[in-house]
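A.B. asks: The structure's right below; bear with me while I get my questions together.
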Amino acid sequence: MTVGRTSGGSRWVPYAFLLPGIALFSVFFAWPAMMAIRLSFYEYNVVSPARFVGLDNFRRLLTDDRFHLALGNSALYLVGMIPFAVIIPIWLAVLVNQKVRGIRAFRAMYYLPAITSMVAVGVAWRYLFHQQGVLNWALIETGIIDKPIQYLLSDDWALPALVLVEGWKMVGFFMMIYLAGLQSIPAEIFEAAKVDGANSARRMWHVTIPLLLPYTTVTLTLGMLDALRVFESVYVMTRGGPQDSTISLGYLAWSTAFERYQLGYASAIGLVMLVLMVGLAVLNQRITRER
């Protein structure tokens, strides 16, 4: 039985179904992105007309101490997110991959923070980090510390506290990615490793982790992107303080645009963020592909 050729009219049917999505993408992402790139070459403060300044905004970035601090903090966010994007979620995925009663409830519990609003998460953790909060109470009761610590008001503790919050929120999402990877690995591979005499640690190191490398690429890329554009937790919990010790590139771009009304300069910061995100994603993909 032969199948007739698709008529000219029906050939456009798939594109008709894609049209609403393409329209939304163009209106809410592509067009604003193009305008932001164009605006990065202008000086614009909302009140006065935009004035073309060429590369002056990017030259200003080279000497802006606040931008350098935000760039360094974003790098620290990135490094701090690595355990939450790789080590902890792999361990959790192995844990919840067991066939025991009630395991679905544990999966839902670990995944719940990922679908919770970051504003709600930030407010809750702000109470936990309070000087009279539960965390200080628990540490004092166990004798780990002698007096309460003002985590969000300390230059030394504020940024690690925000990394903990960001990692805690995303670890369940990364866990589900690794769980999908674990369930796609044929059971025969692990059985063959057992026959060869490999214990659980060797199976984990020589079988599970190498086979999960493609999923590690995904989680590392998502973790890097999240670290560079982190904003909600900074806005809710510290507003970039104390003394800009927690300011990120995402928060700096927002603050420059909507607090200082320097929209051209903020667009230049956003364009640098985009270049860094693309560069890190490509670099991560190449490194993991070679491995």
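Residues are referred to by chain and number: the chain letter is A, B, ... according to the order shown in the structure tokens, the number counts from 1 in that chain, and ligands are numbered separately from 1 in the order shown.
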Please identify every residue of stretch 113-189 of chain A that has at least one atom no farther than 12 Å from an atom of stretch 63-82 of chain A, counting only C-alpha atoms, and for each give the shortest atom pair and the distance in Å to one decimal, arranged by chain then increasing number, as JSON lines.
C.D. replies:
```
{"residue": "A:Asp155", "atom": "CA", "partner": "A:Asn73", "partner_atom": "CA", "distance": 11.9}
{"residue": "A:Ala158", "atom": "CA", "partner": "A:Asn73", "partner_atom": "CA", "distance": 11.3}
{"residue": "A:Leu159", "atom": "CA", "partner": "A:Tyr77", "partner_atom": "CA", "distance": 7.9}
{"residue": "A:Pro160", "atom": "CA", "partner": "A:Gly80", "partner_atom": "CA", "distance": 7.8}
{"residue": "A:Ala161", "atom": "CA", "partner": "A:Gly80", "partner_atom": "CA", "distance": 10.4}
{"residue": "A:Leu162", "atom": "CA", "partner": "A:Tyr77", "partner_atom": "CA", "distance": 8.5}
{"residue": "A:Val163", "atom": "CA", "partner": "A:Tyr77", "partner_atom": "CA", "distance": 6.0}
{"residue": "A:Leu164", "atom": "CA", "partner": "A:Gly80", "partner_atom": "CA", "distance": 8.1}
{"residue": "A:Val165", "atom": "CA", "partner": "A:Met81", "partner_atom": "CA", "distance": 10.2}
{"residue": "A:Glu166", "atom": "CA", "partner": "A:Met81", "partner_atom": "CA", "distance": 7.8}
{"residue": "A:Gly167", "atom": "CA", "partner": "A:Met81", "partner_atom": "CA", "distance": 5.9}
{"residue": "A:Trp168", "atom": "CA", "partner": "A:Met81", "partner_atom": "CA", "distance": 9.6}
{"residue": "A:Lys169", "atom": "CA", "partner": "A:Met81", "partner_atom": "CA", "distance": 11.0}
{"residue": "A:Met170", "atom": "CA", "partner": "A:Met81", "partner_atom": "CA", "distance": 9.3}
{"residue": "A:Val171", "atom": "CA", "partner": "A:Met81", "partner_atom": "CA", "distance": 9.3}
{"residue": "A:Phe174", "atom": "CA", "partner": "A:Ile82", "partner_atom": "CA", "distance": 11.1}
```
A.B. asks: Can you list, as a ChimeraX atom specification, every protein, DNA or RNA residue that comes within 9 Å of A:Trp125 when you count only C-alpha atoms, leaving out same-chain residues fewer than 5 positions away?
C.D. replies: /A:120,130,165,237
A.B. asks: I'd like the neighbourhood of stretch 43-54 of chain A as JSON, numbers by chain, where a residue qualifies if any of its atoms comes within 10 Å (using only C-alpha atoms), though same-chain residues fewer than 2 positions away should be ignored.
C.D. replies: {"A": [38, 39, 40, 41, 56, 57, 58, 59, 257, 258, 260, 261, 262, 263, 264, 265, 266, 267]}
A.B. asks: Just N, CA and C atoms for this one: save the residues we selected as a tab-separated table (two decimals), in the first residue's frame.
C.D. replies:
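Output below, filename part24.tsv:
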```
chain	number	residue	atom	x	y	z
A	38	ARG	N	20.42	46.50	21.85
A	38	ARG	CA	20.54	47.82	21.23
A	38	ARG	C	20.72	48.91	22.27
A	39	LEU	N	19.98	48.80	23.39
A	39	LEU	CA	20.04	49.83	24.44
A	39	LEU	C	21.38	49.84	25.16
A	40	SER	N	22.12	48.71	25.12
A	40	SER	CA	23.42	48.66	25.80
A	40	SER	C	24.44	49.60	25.18
A	41	PHE	N	24.18	50.10	23.99
A	41	PHE	CA	25.07	51.05	23.33
A	41	PHE	C	24.59	52.49	23.47
A	56	ASP	N	30.99	52.93	25.34
A	56	ASP	CA	31.31	53.58	26.61
A	56	ASP	C	30.78	52.79	27.80
A	57	ASN	N	29.60	52.20	27.68
A	57	ASN	CA	29.05	51.42	28.79
A	57	ASN	C	29.92	50.22	29.11
A	58	PHE	N	30.49	49.59	28.10
A	58	PHE	CA	31.35	48.43	28.32
A	58	PHE	C	32.71	48.85	28.85
A	59	ARG	N	33.20	50.01	28.43
A	59	ARG	CA	34.45	50.53	29.00
A	59	ARG	C	34.25	50.85	30.48
A	257	ALA	N	19.16	49.40	36.81
A	257	ALA	CA	18.05	49.82	35.94
A	257	ALA	C	16.92	50.48	36.71
A	258	PHE	N	16.52	49.92	37.85
A	258	PHE	CA	15.29	50.35	38.50
A	258	PHE	C	15.50	51.11	39.81
A	260	ARG	N	18.74	53.10	40.05
A	260	ARG	CA	19.55	54.22	39.58
A	260	ARG	C	19.10	54.75	38.22
A	261	TYR	N	18.17	54.05	37.59
A	261	TYR	CA	17.59	54.47	36.31
A	261	TYR	C	18.63	54.66	35.22
A	262	GLN	N	19.64	53.79	35.22
A	262	GLN	CA	20.66	53.80	34.16
A	262	GLN	C	20.41	52.57	33.28
A	263	LEU	N	19.40	52.68	32.44
A	263	LEU	CA	18.94	51.51	31.70
A	263	LEU	C	19.94	51.07	30.64
A	264	GLY	N	20.66	52.00	30.04
A	264	GLY	CA	21.67	51.62	29.06
A	264	GLY	C	22.80	50.83	29.69
A	265	TYR	N	23.28	51.31	30.83
A	265	TYR	CA	24.36	50.62	31.52
A	265	TYR	C	23.88	49.26	32.05
A	266	ALA	N	22.64	49.20	32.53
A	266	ALA	CA	22.09	47.93	33.00
A	266	ALA	C	21.97	46.93	31.85
A	267	SER	N	21.62	47.41	30.66
A	267	SER	CA	21.55	46.53	29.50
A	267	SER	C	22.93	45.99	29.14
```
A.B. asks: Record the distance separating atom CA of A:Thr208 and atom CA of A:Tyr178, expressed in Å with one decimal.
C.D. replies: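 These atoms are spaced 10.2 Å apart.
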A.B. asks: Pick out each residue of stretch 40-135 of chain A that DSSP on the backbone tags as strand (DSSP E or B); I need them as a list in words.
C.D. replies: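 Residues meeting the strand (DSSP E or B) criterion: Tyr42, Glu43, Arg51 and Phe52 of chain A.
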A.B. asks: Residues of stretch 27-86 of chain A classed as alpha helix (DSSP H) by DSSP on the backbone are to be reported as a VMD selection string.
C.D. replies: chain A and resid 31 to 39 56 to 63 65 to 82
A.B. asks: The selected residues should be written to file as a compact mmCIF listing (two decimals), in the first residue's frame (atoms: N, CA and C atoms).
C.D. replies:
```
# COMPACT_ATOMS: atom_id res chain seq x y z
N TRP A 31 12.12 39.93 20.97
CA TRP A 31 12.08 41.37 20.77
C TRP A 31 12.66 42.15 21.96
N PRO A 32 12.30 41.84 23.22
CA PRO A 32 12.94 42.53 24.35
C PRO A 32 14.46 42.31 24.39
N ALA A 33 14.91 41.11 24.03
CA ALA A 33 16.35 40.85 24.03
C ALA A 33 17.06 41.71 23.00
N MET A 34 16.48 41.83 21.82
CA MET A 34 17.07 42.67 20.77
C MET A 34 17.10 44.14 21.20
N MET A 35 16.04 44.60 21.85
CA MET A 35 15.99 45.98 22.32
C MET A 35 17.01 46.22 23.43
N ALA A 36 17.19 45.23 24.30
CA ALA A 36 18.17 45.37 25.38
C ALA A 36 19.59 45.43 24.82
N ILE A 37 19.87 44.59 23.82
CA ILE A 37 21.19 44.63 23.19
C ILE A 37 21.43 45.99 22.54
N ARG A 38 20.42 46.50 21.85
CA ARG A 38 20.54 47.82 21.23
C ARG A 38 20.72 48.91 22.27
N LEU A 39 19.98 48.80 23.39
CA LEU A 39 20.04 49.83 24.44
C LEU A 39 21.38 49.84 25.16
N ASP A 56 30.99 52.93 25.34
CA ASP A 56 31.31 53.58 26.61
C ASP A 56 30.78 52.79 27.80
N ASN A 57 29.60 52.20 27.68
CA ASN A 57 29.05 51.42 28.79
C ASN A 57 29.92 50.22 29.11
N PHE A 58 30.49 49.59 28.10
CA PHE A 58 31.35 48.43 28.32
C PHE A 58 32.71 48.85 28.85
N ARG A 59 33.20 50.01 28.43
CA ARG A 59 34.45 50.53 29.00
C ARG A 59 34.25 50.85 30.48
N ARG A 60 33.08 51.33 30.80
CA ARG A 60 32.78 51.66 32.20
C ARG A 60 32.80 50.41 33.07
N LEU A 61 32.37 49.29 32.51
CA LEU A 61 32.39 48.03 33.26
C LEU A 61 33.80 47.66 33.71
N LEU A 62 34.78 47.99 32.91
CA LEU A 62 36.16 47.61 33.21
C LEU A 62 36.69 48.32 34.45
N THR A 63 36.12 49.47 34.77
CA THR A 63 36.60 50.25 35.92
C THR A 63 35.57 50.36 37.03
N ASP A 65 34.02 49.16 40.21
CA ASP A 65 34.32 48.26 41.32
C ASP A 65 33.11 47.44 41.74
N ARG A 66 31.92 48.02 41.64
CA ARG A 66 30.71 47.30 42.02
C ARG A 66 30.45 46.14 41.05
N PHE A 67 30.72 46.34 39.79
CA PHE A 67 30.57 45.27 38.81
C PHE A 67 31.58 44.16 39.08
N HIS A 68 32.82 44.53 39.38
CA HIS A 68 33.85 43.53 39.68
C HIS A 68 33.46 42.72 40.92
N LEU A 69 32.89 43.39 41.93
CA LEU A 69 32.46 42.68 43.13
C LEU A 69 31.31 41.73 42.82
N ALA A 70 30.36 42.19 42.01
CA ALA A 70 29.23 41.33 41.64
C ALA A 70 29.71 40.14 40.82
N LEU A 71 30.68 40.36 39.93
CA LEU A 71 31.23 39.27 39.12
C LEU A 71 31.92 38.24 40.01
N GLY A 72 32.69 38.71 41.00
CA GLY A 72 33.35 37.79 41.93
C GLY A 72 32.35 37.03 42.78
N ASN A 73 31.30 37.73 43.25
CA ASN A 73 30.27 37.05 44.04
C ASN A 73 29.53 36.00 43.21
N SER A 74 29.26 36.31 41.94
CA SER A 74 28.59 35.34 41.07
C SER A 74 29.47 34.12 40.87
N ALA A 75 30.79 34.32 40.79
CA ALA A 75 31.70 33.18 40.69
C ALA A 75 31.65 32.32 41.95
N LEU A 76 31.53 32.98 43.11
CA LEU A 76 31.40 32.23 44.36
C LEU A 76 30.07 31.49 44.43
N TYR A 77 28.99 32.15 43.95
CA TYR A 77 27.71 31.45 43.86
C TYR A 77 27.86 30.20 42.99
N LEU A 78 28.57 30.33 41.88
CA LEU A 78 28.74 29.23 40.94
C LEU A 78 29.48 28.07 41.60
N VAL A 79 30.59 28.38 42.26
CA VAL A 79 31.37 27.33 42.92
C VAL A 79 30.54 26.67 44.03
N GLY A 80 29.80 27.51 44.79
CA GLY A 80 29.00 26.97 45.88
C GLY A 80 27.85 26.10 45.42
N MET A 81 27.38 26.30 44.18
CA MET A 81 26.26 25.51 43.67
C MET A 81 26.67 24.14 43.16
N ILE A 82 27.97 23.92 42.94
CA ILE A 82 28.43 22.64 42.38
C ILE A 82 28.03 21.44 43.25
```
A.B. asks: Please indicate the distance in Å from atom CA of A:Val234 to atom CA of A:Ala253, rounded to one decimal place.
C.D. replies: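 These atoms are spaced 12.5 Å apart.
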A.B. asks: Find the distance between atom CA of A:Thr116 and atom CA of A:Tyr251 and write it in Å to one decimal.
C.D. replies: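 Taking atom CA of A:Thr116 and atom CA of A:Tyr251, their separation equals 20.5 Å.
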A.B. asks: Measuring atom to atom with only C-alpha atoms, identify which of A:Leu211, A:Asp156, A:Ile189, A:Ile269 is nearest to A:Gln243.
C.D. replies: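 Looking only at the distances to A:Gln243, the closest residue turns out to be A:Asp156.
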A.B. asks: A:Ile145, A:Leu55, A:Leu18, A:Arg126: which is nearest A:Ala268, counting only C-alpha atoms?
C.D. replies: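 Nearest candidate to A:Ala268 out of A:Ile145, A:Leu55, A:Leu18, A:Arg126: A:Leu55.
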